[in-house]
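Notes follow the structure.
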Amino acid sequence: MSMEIAIPQPVERENYLNKEYGALSWLLTTDHKRIALLYLVSITFFFFIGGFFALLIRLELLTPAGDLVQADTYNKLFTMHGMVMVFFFLIPSIPAVLGNFLVPMMIGAKDLAFPRINLLSWYLYIIGGALMLHCMLTGGVDTGWTFYTPFSTNFTNTKIVEAGIAIFIAGFSSILTGLNFVVTIHRMRAPGMTWSRLPLFIWAHYATSIIQLLGTPVIAITIVLVAAERALHLGIFDPKLGGDPLLFQHLFWFYSHPAVYIMILPSMGVVTEIIACFSRKRIFGYSFVAFSSIAIAVFGFLVWAHHMFVAGISVYSALVFSFLSYSVALPSAIKVFNWTATLYKGSIRYDAPMLYAFGFLGLFTIGGLTGLFLAALGIDVHVTDTYFVVAHFHYIMVGGAVMGYLGGMHFWWPKISGRLYPEGWARLAALIVFIGFNLTFFPQFILGYMGMPRRYYDYSHMPEFQVLHVLSTAGSTVLGVGYLLPMVYFLWSMRYGKPASDNPWNAAGLEWKTASPPPTFNFDEEPVVTWEAYNYEELDAPPHKQEVTVG
Amino acid sequence: MTGHESAKSPLKMYFAVWAALLMFTFITYKVAFIELGPFNAVVALVIATLKATLVALFFMHVWHAGERLIKVVVGGVVFFLLLLLTLTMADYLTRPWS
Ligand code: HEM
Ligand SMILES: [Cu+2]
């Protein structure tokens with residue numbers, strides 16, 4: 001034919017990324033997916049700041065003498081490291097990035113229940129973060145991230161009040177995220193998405209949100225009390241005025257122990273999704289895994305004084321808290337057993353997300369078991385405030401929570417960006433992170449058990465500790481490379497990565513039933529759910545053959 | 001009370017609650033100057049609790065909340081507050097040296 005035919009140009013579908021351009025379209029967005037990306041950029045920034053402090057700490061400990069920095073600088077380094085990592089990276093990490101992006105999509109909703117409050121929560125985070133930065137640049141704080149009284153109220157002259165306000169504000173961003181998730185999960189589930197069909201990622205975030213709502217106000221008020229005591233000498237924590245310094249620790253840990261579950265529960269949710277997908281099976285014991293999340297959220301509030309065993313609390317209450325701490329290990333163990341049982345006879349694939357999930361399983365288990373050591377009164381007296389504790393909580397927070405976060409970022413990256421990341425590099429990075437992590441933190445268990453105290457910058461009285469410290473510092477540089485790699489190839493893939501299909505992993509879950517990247521309101525039509533969660537057997541079943549009847 | 005009654009004059013109700021709160025504040029202030037020993041704290045705490053209850057019931061609309069879920073939430077919050085108080089007091093009250 002001689003007629004000209006207009007060849008249809010392959011137009012890119014409209015999605016949440018290309019719908020609008022320009023800084024304002026991001027800064028004023030109420031789209032939960034865009035807010036998730038705002039959070040992603042901000043927490044990554046703080047992760048590298050916190051990491052920079054960690055590197056300086058490790059460099060100081062390379063030699064027994066305190067030679068790189070001065071004693072009070074060192075105090076500020078570990079304080080700012082802890083505050084940044086806990087309040088400005090890890091607590092918002094999975095909920096505010098992956099949770100924000102995925103909670104509405106997984107339940108088949110258009111957005112969170114309160115999109116504007118969601119944006120407000122990011123602004124609060126940024127205001128708190130800016131204050132924290134200002135505080136660090138103008139002198140910082142030297143109390144440790146724990147703000148213990150009476151040092152924080154009566155003695156130190158560093159910027160306690162400013163750091164306190166920064167954390168107070170960031171706390172409200174965390175509360176608002178939790179509130180949004182609770183209401184969204186209750187009210188906005190798609191037709192057919194019953195509670196028992198929710199992905200376990202949602203259950204984990206529901207439990208996390210409960211902790212955020214119940215716990216965060218307590219730390220906020222506690223910090224206000226510290227500031228008030230400093231400014232007005234109220235006599236809440238000062239025994240001279242009729243107060244009690246241990247009251248601070250009670251209030252602080254009433255939040256801060258549950259806060260470790262704010263950090264780990266979302267990661268457990270991520271790992272659950274990954275394990276189901278890459279072993280192509282329904283999660284073993286769905287309701288046990290779901291309810292153990294809630295149990296962790298509740299029991300997590302009953303164990304806080306295990307941080308105070310040597311602080312002078314009554315022995316009777318120490319006994320009770322020791323016992324209760326053991327009991328909170330049960331729901332965590334239930335999860336580990338159920339994940340393992342899910343793997344059993346699964347057709348396992350070793351893609352990068354699964355490598356991170358395996359890393360999580362092993363490292364979280366070590367972190368959890370050493371937690372039991374610490375819950376035992378006698379052993380805790382020996383290892384309190386040593387590197388054993390530092391190793392323990394890094395196995396949970398870095399080996400557990402950060403591994404899960406990275407696994408989740410890889411798993412959902414095709415959905416978030418519409419591009420595939422380079423699988424070979426990703427597997428390599430997962431391996432480097434795993435090796436670097438263990439090299440950094442395993443020696444710290446031994447160091448701590450031998451008596452290396454935490455928060456000391458000089459160990460020249462014990463030069464034989466140096467070998468293990470050198471190993472640890474070497475490991476931290478490996479770990480640093482492992483963390484930089486994903487940053488580089490994620491950025492690379494946004495431009496050069498292969499376009500991702502809607503469901504590159506052939507995964508179950510509503511978020512995979514829409515385009516990658518998704519349209520602004522997530523689904524073109526409201527989904528109706530008629531299947532159970534993790535229906536991998538159905539997904540993988542060979543297509544139905546026409547029944548041939550003889551006769 | 002039913003929803004109708006409250007709809008009659010919510011403004012009046014708000015002002016009444018506000019007045020009650022101010023009155024309680026005034027009482028707290030006055031009582032602080034009377035020497036009651038340990039009971040100063042008790043009185044202050046009781047009044048503060050009453051005020052918080054008023055705020056929750058009327059300003060936060062718990063009184064008229066038809067939904068069970070809201071009652072569960074409020075109950076849950078109070079429960080966790082009691083946990084904080086009892087387990088902390090369990091330490092203070094069993095220290096043999098104090
Ligand atoms: C999300 C990641 C992390 C979190 C949540 C975290 C949290 C913490 C916390 C809360 C402390 C205690 C600070 C204090 O004593 O006040 C700490 C100390 C420390 N962390 Fe991290 N950390 C993270 C990552 C890392 C990494 C990647 C490294 C290794 C390079 C590291 C190395 C250290 C060191 C060496 C200390 C000092 C221990 C001491 O002298 O007491 N941390 N971290
Ligand atoms: Cu704890």
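Starting from 1 in every chain, residues are counted up; chains themselves are A, B, ... following the order of the structure tokens, and ligands are numbered from 1 as listed.
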Given 8 Å and only C-alpha atoms and all ligand atoms, residues near ligand 1 as a PDB file with N, CA and C atoms, in the first residue's frame:
ATOM      1  N   PHE A  47      22.193   8.081  56.898  1.00  0.00           N
ATOM      2  CA  PHE A  47      22.938   6.831  57.068  1.00  0.00           C
ATOM      3  C   PHE A  47      24.426   7.073  56.811  1.00  0.00           C
ATOM      4  N   GLY A  50      25.915   9.020  59.781  1.00  0.00           N
ATOM      5  CA  GLY A  50      26.124   8.103  60.908  1.00  0.00           C
ATOM      6  C   GLY A  50      27.283   7.163  60.625  1.00  0.00           C
ATOM      7  N   GLY A  51      27.377   6.708  59.370  1.00  0.00           N
ATOM      8  CA  GLY A  51      28.458   5.806  58.993  1.00  0.00           C
ATOM      9  C   GLY A  51      29.812   6.482  59.091  1.00  0.00           C
ATOM     10  N   ALA A  54      30.846   6.368  62.578  1.00  0.00           N
ATOM     11  CA  ALA A  54      31.256   5.011  62.943  1.00  0.00           C
ATOM     12  C   ALA A  54      32.680   4.754  62.471  1.00  0.00           C
ATOM     13  N   LEU A  55      32.971   5.214  61.258  1.00  0.00           N
ATOM     14  CA  LEU A  55      34.301   4.992  60.709  1.00  0.00           C
ATOM     15  C   LEU A  55      35.353   5.680  61.573  1.00  0.00           C
ATOM     16  N   ILE A  57      35.108   6.337  64.756  1.00  0.00           N
ATOM     17  CA  ILE A  57      35.236   5.558  65.998  1.00  0.00           C
ATOM     18  C   ILE A  57      36.172   4.380  65.770  1.00  0.00           C
ATOM     19  N   ARG A  58      35.911   3.668  64.660  1.00  0.00           N
ATOM     20  CA  ARG A  58      36.715   2.480  64.389  1.00  0.00           C
ATOM     21  C   ARG A  58      38.178   2.851  64.159  1.00  0.00           C
ATOM     22  N   PHE A  78      30.620   8.818  69.353  1.00  0.00           N
ATOM     23  CA  PHE A  78      29.703   7.672  69.496  1.00  0.00           C
ATOM     24  C   PHE A  78      28.290   8.136  69.834  1.00  0.00           C
ATOM     25  N   THR A  79      28.184   9.303  70.470  1.00  0.00           N
ATOM     26  CA  THR A  79      26.841   9.816  70.754  1.00  0.00           C
ATOM     27  C   THR A  79      26.110  10.196  69.469  1.00  0.00           C
ATOM     28  N   MET A  80      26.784  10.970  68.631  1.00  0.00           N
ATOM     29  CA  MET A  80      26.127  11.409  67.403  1.00  0.00           C
ATOM     30  C   MET A  80      25.884  10.219  66.473  1.00  0.00           C
ATOM     31  N   HIS A  81      26.826   9.273  66.465  1.00  0.00           N
ATOM     32  CA  HIS A  81      26.607   8.061  65.670  1.00  0.00           C
ATOM     33  C   HIS A  81      25.317   7.369  66.103  1.00  0.00           C
ATOM     34  N   GLY A  82      25.194   7.158  67.414  1.00  0.00           N
ATOM     35  CA  GLY A  82      24.014   6.440  67.908  1.00  0.00           C
ATOM     36  C   GLY A  82      22.736   7.211  67.637  1.00  0.00           C
ATOM     37  N   MET A  83      22.737   8.507  67.927  1.00  0.00           N
ATOM     38  CA  MET A  83      21.506   9.283  67.735  1.00  0.00           C
ATOM     39  C   MET A  83      21.092   9.319  66.269  1.00  0.00           C
ATOM     40  N   MET A  85      21.954   7.231  63.788  1.00  0.00           N
ATOM     41  CA  MET A  85      21.582   5.919  63.262  1.00  0.00           C
ATOM     42  C   MET A  85      20.223   5.472  63.790  1.00  0.00           C
ATOM     43  N   VAL A  86      19.981   5.673  65.060  1.00  0.00           N
ATOM     44  CA  VAL A  86      18.730   5.183  65.626  1.00  0.00           C
ATOM     45  C   VAL A  86      17.549   6.055  65.193  1.00  0.00           C
ATOM     46  N   PHE A  89      17.957   7.278  61.006  1.00  0.00           N
ATOM     47  CA  PHE A  89      18.040   6.280  59.940  1.00  0.00           C
ATOM     48  C   PHE A  89      17.143   5.074  60.213  1.00  0.00           C
ATOM     49  N   LEU A  90      17.443   4.333  61.273  1.00  0.00           N
ATOM     50  CA  LEU A  90      16.845   3.006  61.353  1.00  0.00           C
ATOM     51  C   LEU A  90      15.354   3.029  61.683  1.00  0.00           C
ATOM     52  N   THR A 143      26.611  12.599  75.733  1.00  0.00           N
ATOM     53  CA  THR A 143      26.072  11.746  76.798  1.00  0.00           C
ATOM     54  C   THR A 143      25.893  10.299  76.363  1.00  0.00           C
ATOM     55  N   GLY A 144      26.185   9.970  75.123  1.00  0.00           N
ATOM     56  CA  GLY A 144      25.708   8.711  74.579  1.00  0.00           C
ATOM     57  C   GLY A 144      24.277   8.933  74.123  1.00  0.00           C
ATOM     58  N   TRP A 145      23.804   8.085  73.194  1.00  0.00           N
ATOM     59  CA  TRP A 145      22.460   8.336  72.669  1.00  0.00           C
ATOM     60  C   TRP A 145      21.399   8.160  73.745  1.00  0.00           C
ATOM     61  N   THR A 146      21.825   7.651  74.930  1.00  0.00           N
ATOM     62  CA  THR A 146      20.882   7.321  75.993  1.00  0.00           C
ATOM     63  C   THR A 146      20.577   8.481  76.934  1.00  0.00           C
ATOM     64  N   ASP A 385      27.845  -3.046  79.492  1.00  0.00           N
ATOM     65  CA  ASP A 385      28.717  -1.936  79.077  1.00  0.00           C
ATOM     66  C   ASP A 385      30.054  -2.389  78.522  1.00  0.00           C
ATOM     67  N   THR A 386      30.079  -3.582  77.939  1.00  0.00           N
ATOM     68  CA  THR A 386      31.280  -3.992  77.227  1.00  0.00           C
ATOM     69  C   THR A 386      30.944  -4.087  75.747  1.00  0.00           C
ATOM     70  N   TYR A 387      31.952  -4.440  74.950  1.00  0.00           N
ATOM     71  CA  TYR A 387      31.721  -4.604  73.528  1.00  0.00           C
ATOM     72  C   TYR A 387      30.808  -5.776  73.208  1.00  0.00           C
ATOM     73  N   VAL A 390      27.697  -4.107  72.482  1.00  0.00           N
ATOM     74  CA  VAL A 390      27.777  -3.430  71.191  1.00  0.00           C
ATOM     75  C   VAL A 390      27.595  -4.446  70.062  1.00  0.00           C
ATOM     76  N   PHE A 393      23.803  -5.698  69.902  1.00  0.00           N
ATOM     77  CA  PHE A 393      22.750  -4.883  69.277  1.00  0.00           C
ATOM     78  C   PHE A 393      23.058  -4.562  67.829  1.00  0.00           C
ATOM     79  N   HIS A 394      24.343  -4.618  67.434  1.00  0.00           N
ATOM     80  CA  HIS A 394      24.587  -4.447  66.000  1.00  0.00           C
ATOM     81  C   HIS A 394      24.175  -5.688  65.210  1.00  0.00           C
ATOM     82  N   MET A 397      20.468  -4.833  64.931  1.00  0.00           N
ATOM     83  CA  MET A 397      20.089  -3.626  64.205  1.00  0.00           C
ATOM     84  C   MET A 397      20.716  -3.559  62.823  1.00  0.00           C
ATOM     85  N   VAL A 398      21.966  -3.988  62.691  1.00  0.00           N
ATOM     86  CA  VAL A 398      22.608  -3.932  61.375  1.00  0.00           C
ATOM     87  C   VAL A 398      22.454  -5.279  60.670  1.00  0.00           C
ATOM     88  N   ALA A 401      18.093  -5.720  61.005  1.00  0.00           N
ATOM     89  CA  ALA A 401      17.233  -4.709  60.390  1.00  0.00           C
ATOM     90  C   ALA A 401      17.793  -4.162  59.069  1.00  0.00           C
ATOM     91  N   VAL A 402      19.078  -3.832  59.032  1.00  0.00           N
ATOM     92  CA  VAL A 402      19.603  -3.227  57.801  1.00  0.00           C
ATOM     93  C   VAL A 402      19.656  -4.259  56.672  1.00  0.00           C
ATOM     94  N   PHE A 437      30.229  -7.405  57.568  1.00  0.00           N
ATOM     95  CA  PHE A 437      29.502  -7.288  58.828  1.00  0.00           C
ATOM     96  C   PHE A 437      30.095  -8.215  59.887  1.00  0.00           C
ATOM     97  N   THR A 440      33.436  -7.180  61.109  1.00  0.00           N
ATOM     98  CA  THR A 440      33.382  -6.019  61.997  1.00  0.00           C
ATOM     99  C   THR A 440      32.911  -6.408  63.389  1.00  0.00           C
ATOM    100  N   PHE A 441      31.829  -7.155  63.450  1.00  0.00           N
ATOM    101  CA  PHE A 441      31.153  -7.279  64.736  1.00  0.00           C
ATOM    102  C   PHE A 441      31.417  -8.578  65.470  1.00  0.00           C
ATOM    103  N   PRO A 453      35.727  -2.447  77.556  1.00  0.00           N
ATOM    104  CA  PRO A 453      34.539  -1.658  77.864  1.00  0.00           C
ATOM    105  C   PRO A 453      34.037  -0.878  76.654  1.00  0.00           C
ATOM    106  N   ARG A 454      32.772  -0.604  76.664  1.00  0.00           N
ATOM    107  CA  ARG A 454      32.148   0.210  75.640  1.00  0.00           C
ATOM    108  C   ARG A 454      32.403   1.685  75.959  1.00  0.00           C
ATOM    109  N   ARG A 455      32.417   2.524  74.950  1.00  0.00           N
ATOM    110  CA  ARG A 455      32.567   3.968  75.108  1.00  0.00           C
ATOM    111  C   ARG A 455      33.928   4.390  75.674  1.00  0.00           C
ATOM    112  N   TYR A 456      34.982   3.557  75.487  1.00  0.00           N
ATOM    113  CA  TYR A 456      36.347   3.945  75.868  1.00  0.00           C
ATOM    114  C   TYR A 456      37.127   4.225  74.594  1.00  0.00           C
ATOM    115  N   TYR A 457      37.924   5.300  74.587  1.00  0.00           N
ATOM    116  CA  TYR A 457      38.682   5.548  73.361  1.00  0.00           C
ATOM    117  C   TYR A 457      40.122   5.090  73.502  1.00  0.00           C
ATOM    118  N   THR A 473      38.039  -3.063  62.641  1.00  0.00           N
ATOM    119  CA  THR A 473      38.139  -1.866  61.804  1.00  0.00           C
ATOM    120  C   THR A 473      38.280  -2.251  60.333  1.00  0.00           C
ATOM    121  N   GLY A 475      37.106  -4.904  58.979  1.00  0.00           N
ATOM    122  CA  GLY A 475      35.773  -5.329  58.556  1.00  0.00           C
ATOM    123  C   GLY A 475      34.881  -4.147  58.243  1.00  0.00           C
ATOM    124  N   SER A 476      35.011  -3.070  59.015  1.00  0.00           N
ATOM    125  CA  SER A 476      34.093  -1.959  58.796  1.00  0.00           C
ATOM    126  C   SER A 476      34.358  -1.281  57.451  1.00  0.00           C
ATOM    127  N   THR A 477      35.611  -1.332  56.971  1.00  0.00           N
ATOM    128  CA  THR A 477      35.831  -0.756  55.638  1.00  0.00           C
ATOM    129  C   THR A 477      35.213  -1.652  54.566  1.00  0.00           C
ATOM    130  N   LEU A 479      32.596  -3.483  55.011  1.00  0.00           N
ATOM    131  CA  LEU A 479      31.167  -3.224  55.133  1.00  0.00           C
ATOM    132  C   LEU A 479      30.796  -1.925  54.420  1.00  0.00           C
ATOM    133  N   GLY A 480      31.649  -0.921  54.587  1.00  0.00           N
ATOM    134  CA  GLY A 480      31.391   0.361  53.928  1.00  0.00           C
ATOM    135  C   GLY A 480      31.293   0.199  52.423  1.00  0.00           C
TER     136      GLY A 480
END
*Using only C-alpha atoms, find the residues of chain A whose closest atom to chain B is at most 12 Å away, then write them as number ranges by chain.*
A: 179, 182-183, 186-187, 210-211, 213-215, 217-218, 242, 244, 246-255, 297-305, 308-309, 311-321, 324
*Non-local contacts of stretch 484-499 of chain A (12 Å; only C-alpha atoms; under 5 positions in same chain excluded) as a PyMOL selection string*: chain A and resi 12+17+40-41+44-45+47-48+51+352+405-407+409-410+412-433+477-479+504+515-517
*Which one is closest to ligand 2: A:Ser332, A:Thr156, A:Ser174, A:Ser325? Count only C-alpha atoms and all ligand atoms.*
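Nearest candidate to ligand 2 out of A:Ser332, A:Thr156, A:Ser174, A:Ser325: A:Ser325.
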*Could you tell me how far atom CA of A:Asn338 lies from atom CA of A:Phe358, in Å and to one decimal?*
13.7 Å
*Take atom CA of A:Leu176 and atom CA of A:Leu124 and report the distance between them in Å, one decimal.*
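Interatomic distance here is 9.6 Å.
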*All helix (DSSP H, G or I) residues (DSSP, backbone) inside stretch 90-277 of chain A, as a PyMOL selection string*: chain A and resi 90-107+115-137+151-155+160-187+195-197+200-232+239-241+245-277
_Using Å and a single decimal, report how far atom CA of A:Ile169 sits from atom CA of B:Leu45._
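Interatomic distance here is 26.8 Å.
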_Residues within 10 Å of A:Tyr350, please, as a list in words. Count only C-alpha atoms; anything in the same chain fewer than 4 positions from it doesn't count._
Phe278, Ser279, Met354, Leu355, Tyr356, Ala357, Phe358 and Arg427 of chain A
Save the residues we just selected, N, CA, C and O atoms, as a short mmCIF file (atom, residue, chain, number, x, y, z; two decimals), in the first residue's frame?
data_model
loop_
_atom_site.label_atom_id
_atom_site.label_comp_id
_atom_site.auth_asym_id
_atom_site.auth_seq_id
_atom_site.Cartn_x
_atom_site.Cartn_y
_atom_site.Cartn_z
N PHE A 278 10.88 -16.50 47.13
CA PHE A 278 12.03 -17.20 46.56
C PHE A 278 12.11 -18.65 47.00
O PHE A 278 13.07 -19.34 46.69
N SER A 279 11.11 -19.14 47.78
CA SER A 279 11.02 -20.58 47.89
C SER A 279 9.70 -21.06 47.32
O SER A 279 9.37 -22.23 47.43
N MET A 354 17.02 -12.71 48.26
CA MET A 354 17.05 -13.91 49.08
C MET A 354 18.38 -14.03 49.82
O MET A 354 18.42 -14.49 50.97
N LEU A 355 19.47 -13.59 49.18
CA LEU A 355 20.75 -13.63 49.89
C LEU A 355 20.68 -12.75 51.14
O LEU A 355 21.16 -13.12 52.21
N TYR A 356 20.09 -11.57 51.00
CA TYR A 356 19.94 -10.71 52.17
C TYR A 356 19.04 -11.39 53.20
O TYR A 356 19.28 -11.27 54.41
N ALA A 357 17.99 -12.05 52.74
CA ALA A 357 17.09 -12.70 53.70
C ALA A 357 17.83 -13.80 54.46
O ALA A 357 17.65 -13.95 55.67
N PHE A 358 18.66 -14.55 53.75
CA PHE A 358 19.46 -15.57 54.44
C PHE A 358 20.40 -14.92 55.45
O PHE A 358 20.57 -15.39 56.57
N ARG A 427 24.36 -9.49 43.93
CA ARG A 427 24.76 -10.66 44.72
C ARG A 427 26.12 -10.44 45.34
O ARG A 427 26.36 -10.79 46.50
#
*Non-local contacts of A:Ala23 (12 Å; only C-alpha atoms; under 5 positions in same chain excluded) as a ChimeraX atom specification*: /A:28-29,34,38
*Between A:Ser327, A:Asn438, A:Thr342, A:Ser256, which is the closest to ligand 2 once you count only C-alpha atoms and all ligand atoms?*
A:Ser256
_Pick from A:Tyr449, A:Pro331, A:Pro258, A:Gly378, whichever lies nearest to ligand 2 using only C-alpha atoms and all ligand atoms_ = A:Pro258
